[in-house]
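Taking it in order: structure first as structure tokens, then the write-up.
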Amino acid sequence: MSTTIEPVLAPSSSANAGESQLLELSMGPQHPSTHGVFRMDVVLDGERVLRLKPVFGYLHRNHEKIAEQESYLGSMPYTDRLDYICSLTNNWAYALAVEKLAGIQVPERAEYIRIITAELTRFLNHSALIGFLTQDMGASGTPLMYAFRERETILDLFESLTGARMMCNYMRFGGCRVDLPAGWLDQTRKFVATLPRFLDEFERLLATNEILMARTQGVGVMSKELAINAGVTGPILRASGVNYDLRKVDKYGIYDRFAFKIPLGEHGDTYDRYMIRLLEMRESLKILNQALKDIPEGPIVDPKTKIRGFKPRPGEAYGRIESPKGELGFYLISDGTANPYRYRVRSCCMMNLTVLEQLCIGHNVADVVVILGSIDIVMGEVDR
Amino acid sequence: MFGEGILKGLAETARNFLGSYVSKKRLTTVQYPEERLPQIEAYRNFPFLVYDGEDWQQGLRCVSCFICEKECPPKCIIIEKSTDKKPDAVGKLQFYPKVFNIDISVCMSCQICVEVCPFDAIKMDTDYELSTTNRFSALLWDKQQLAKSNEHYHKIHPTEAAAVDAQLAAERAKVAAKTKAAAEARPASPTTAANTNGSGPNPADKPVPAGSEK
């Protein structure tokens, strides 16, 4: 991998010895603020960023190529490890792609379970992100621990449902692996009822904090045009004021049955990206309440799907969902054998990361950390 | 007023801090290993091999069909099939795994082996304190380390084990009824009876759990 930056120092600038000197600095890959093994080559003029080059690939695990050697089911546990904060939405995106490929119908109850787990995942991701973002700003620990307190309860719910806290490996082609255990719905309803209080607390804690506003407002402004041109998706696209949410656009699953709004930002700065997550969590709660009320009885998996010897007919399919971080898509080509001929992940984290330089130029090094935090990346998905 | 937001936030932390003295709910830390949280029933960690009866070598349900080895995504299961057959828990001749190893350092606890196993022979364990001083041989578990009794399975996953047992009992009853019918039909048509006798431990068309006939 080439990591060199072409010299930014114009030959003439070195002649002015009295002028400030440019400094090329490598942030990461072992840096606590870079959210994993991620490196940024920054060129600084004093504290000001002139150039920034994201360098990734340190966590490359050959996911796509491995998947071509695996059976279709065998890739499901690997998708957990893409964006390891939200494994259930990854499962869903992959299952959706395979269901499109093989033409499998998902029973009603499974759709509801998928929505409930996905919205819990969204809640978990956003609250954890806000915790990490404020941690990056120097609010060391407190908001993060508050967020993790709720996250832990959600993970307990996931564990009692799927058997694992983070590597759930729960969704299957045409449904889900196991039915909800006894009492799970009541437990979840009770927990969801406490979440508005947590959100109020979370908002009071920081949303009007003057230091947070000073650190985030007007920092890392992303224009609508830049966001659209760069293929940015997810909350950070909506923070720039673009009304695009696959839950409304694609209406995948049964999202068309639920009443919820898409919060939009105005300025596209870091504060908007922070607030949009708080608002999205409230919308997730709306969906959760409706889904938990309406969930029907019934089978959880299409009885026609085979676990062993699953061979979809030749063809291609692209399944995409609105994961908590953006549009997560899986593109599959089948040649009729048990392994996919091509398996490609459209990773929202990586697409969103491409705008990092434009957002950071002109800001201080400390702001780079905040901007990166507000983009919400997980290196497991960026590098795959 | 400038600083109002900060004060609001500080009031929130103060509430949580003082609240931790009165409300048990706000004390979230558990002093592991002295204190432990109750285990969640669905929790899974690494696979184990189920055996029925008392003797683990006799009662292993595994018939070394290689399905789990083939389906395992990280390929951490190593099986060698026996050349001979030996009687299982109910005295029926079966192949058995001469070698059944699972490399725990490779296993990613996805439980796909459990899902694909047609004999309900492999299940997920819940043991998590597995640190060793050797990361190679100590993490390559052999048949003996993997074998755990059905009672153990009932202890760790009661609901799931009960469902499995019920399903197995139903299948066993079905097979028993079939063999009984075949035995009754034998005097009438000796040729079909000879075929049924010669078809080996399992009828080839459907996976019947090992040791299924009583």
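Residues in the structure tokens are named by chain (A, B, ... in the order shown) and by number from 1 within that chain; ligands are numbered from 1 in the order shown.
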
- [ ] Please return, as a ChimeraX atom specification, all residues of chain A lying within 7 Å of chain B when only C-alpha atoms are considered.
- [x] /A:70,74,77,159-164,169,201,204-206,208-210,307-308

For the residues selected in the previous step, produce a file with C-alpha atoms as a PDB file, in the first residue's frame.
```pdb
ATOM      1  CA  GLU A  70     -17.927 -20.596   1.933  1.00  0.00           C
ATOM      2  CA  GLY A  74     -21.201 -19.991   6.189  1.00  0.00           C
ATOM      3  CA  PRO A  77     -21.251 -15.389  11.016  1.00  0.00           C
ATOM      4  CA  GLU A 159     -27.923 -12.591  24.292  1.00  0.00           C
ATOM      5  CA  SER A 160     -31.095 -14.144  25.625  1.00  0.00           C
ATOM      6  CA  LEU A 161     -32.460 -14.172  22.090  1.00  0.00           C
ATOM      7  CA  THR A 162     -29.474 -15.098  19.969  1.00  0.00           C
ATOM      8  CA  GLY A 163     -26.985 -16.612  22.389  1.00  0.00           C
ATOM      9  CA  ALA A 164     -24.285 -14.007  21.928  1.00  0.00           C
ATOM     10  CA  ASN A 169     -25.403 -14.781  13.869  1.00  0.00           C
ATOM     11  CA  GLU A 201     -31.205  12.353  30.628  1.00  0.00           C
ATOM     12  CA  ARG A 204     -29.883  17.158  29.437  1.00  0.00           C
ATOM     13  CA  LEU A 205     -26.395  15.867  30.032  1.00  0.00           C
ATOM     14  CA  LEU A 206     -24.834  17.393  26.952  1.00  0.00           C
ATOM     15  CA  THR A 208     -27.005  22.310  25.448  1.00  0.00           C
ATOM     16  CA  ASN A 209     -23.549  22.098  26.924  1.00  0.00           C
ATOM     17  CA  GLU A 210     -21.674  25.231  25.889  1.00  0.00           C
ATOM     18  CA  ILE A 307     -29.962 -25.265   5.825  1.00  0.00           C
ATOM     19  CA  ARG A 308     -27.714 -27.758   4.094  1.00  0.00           C
TER      20      ARG A 308
END
```

TODO: Give me every alpha helix (DSSP H) residue in range 15-95 of chain A, going by DSSP on the backbone, as a list in words.
DONE: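 So, restricting range 15-95 of chain A to alpha helix (DSSP H), we get His63, Glu64, Lys65, Ile66, Ala67, Glu68, Gln69, Met76, Pro77, Tyr78, Thr79, Asp80, Ser87, Leu88, Thr89, Asn90, Asn91, Trp92, Ala93, Tyr94 and Ala95 of chain A.
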
Would you put the residues from that selection into a file with C-alpha atoms, as a PDB file, in the first residue's frame?
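That gives us part_2.pdb:
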```
ATOM      1  CA  HIS A  63     -14.030 -11.200   3.988  1.00  0.00           C
ATOM      2  CA  GLU A  64     -15.278 -11.022   0.419  1.00  0.00           C
ATOM      3  CA  LYS A  65     -12.868 -13.603  -0.923  1.00  0.00           C
ATOM      4  CA  ILE A  66     -13.431 -15.954   2.004  1.00  0.00           C
ATOM      5  CA  ALA A  67     -17.148 -15.733   1.342  1.00  0.00           C
ATOM      6  CA  GLU A  68     -16.608 -17.058  -2.150  1.00  0.00           C
ATOM      7  CA  GLN A  69     -15.181 -20.242  -0.650  1.00  0.00           C
ATOM      8  CA  MET A  76     -23.472 -15.283   7.908  1.00  0.00           C
ATOM      9  CA  PRO A  77     -21.251 -15.389  11.016  1.00  0.00           C
ATOM     10  CA  TYR A  78     -18.595 -13.417   9.153  1.00  0.00           C
ATOM     11  CA  THR A  79     -21.056 -10.605   8.512  1.00  0.00           C
ATOM     12  CA  ASP A  80     -21.337 -10.176  12.284  1.00  0.00           C
ATOM     13  CA  SER A  87     -24.204  -7.384  13.965  1.00  0.00           C
ATOM     14  CA  LEU A  88     -27.932  -7.885  13.594  1.00  0.00           C
ATOM     15  CA  THR A  89     -28.370  -5.298  10.884  1.00  0.00           C
ATOM     16  CA  ASN A  90     -25.426  -6.807   9.010  1.00  0.00           C
ATOM     17  CA  ASN A  91     -27.137 -10.183   9.232  1.00  0.00           C
ATOM     18  CA  TRP A  92     -30.292  -8.660   7.883  1.00  0.00           C
ATOM     19  CA  ALA A  93     -28.628  -7.015   4.902  1.00  0.00           C
ATOM     20  CA  TYR A  94     -26.951 -10.263   3.914  1.00  0.00           C
ATOM     21  CA  ALA A  95     -30.078 -12.315   4.464  1.00  0.00           C
TER      22      ALA A  95
END
```

- [ ] Grab the CA of Glu24 in chain A to CA of Val49 in chain A distance for me, in Å with one decimal place.
- [x] 9.8 Å

Open item on the list: Give me the residues near range 227-244 of chain A as a list in words, where near means some atom within 6 Å (using only C-alpha atoms) and where sequence neighbours in that chain fewer than 4 positions away do not count.
Closed with: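 Contacts, in chain order: Leu264, Gly265, Glu266, Gly268, Asp272, Arg273, Lys325, Gly326, Glu327, Met351 and Asn352 of chain A.
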
Write the residues you've just listed into a file as an mmCIF file, in the first residue's frame, and include C-alpha atoms for each of them.
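Result file result32.cif:
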```cif
data_model
loop_
_atom_site.group_PDB
_atom_site.id
_atom_site.type_symbol
_atom_site.label_atom_id
_atom_site.label_comp_id
_atom_site.auth_asym_id
_atom_site.auth_seq_id
_atom_site.Cartn_x
_atom_site.Cartn_y
_atom_site.Cartn_z
ATOM 1 C CA LEU A 264 -33.109 16.153 9.006
ATOM 2 C CA GLY A 265 -30.268 18.488 9.844
ATOM 3 C CA GLU A 266 -29.819 22.003 8.542
ATOM 4 C CA GLY A 268 -24.401 19.599 8.179
ATOM 5 C CA ASP A 272 -26.134 18.377 13.535
ATOM 6 C CA ARG A 273 -24.634 14.949 13.150
ATOM 7 C CA LYS A 325 -24.378 3.909 9.817
ATOM 8 C CA GLY A 326 -25.809 4.159 6.333
ATOM 9 C CA GLU A 327 -26.648 2.057 3.340
ATOM 10 C CA MET A 351 -18.024 5.400 1.697
ATOM 11 C CA ASN A 352 -18.645 7.870 4.490
#
```

Task: strand (DSSP E) call set, DSSP backbone run, range 135-316 of chain A, as a PyMOL selection string - done: chain A and resi 171-172+175-176+315-316

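Reported to one decimal place, the separation of CA of Gly220 in chain A from CA of Cys360 in chain A is 5.9 Å.
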
Ser82 in chain B: which residues within 8 Å, counting only C-alpha atoms, same-chain residues fewer than 6 positions away excluded, as a PDB file with C-alpha atoms, in the first residue's frame?
```
ATOM      1  CA  PHE B  95     -19.585 -45.755  12.776  1.00  0.00           C
ATOM      2  CA  TYR B  96     -17.981 -43.553  15.346  1.00  0.00           C
ATOM      3  CA  PRO B  97     -15.414 -40.756  15.155  1.00  0.00           C
ATOM      4  CA  LYS B  98     -11.976 -42.167  15.738  1.00  0.00           C
TER       5      LYS B  98
END
```

- [ ] Tell me which protein, DNA and RNA residues are within 12 Å of Val50 in chain B, counting only C-alpha atoms, leaving out same-chain ones fewer than 3 positions away, and put them as number ranges by chain.
- [x] B: 47, 53-63, 89, 114, 117, 119-125, 143-154, 161, 164-165, 209-210
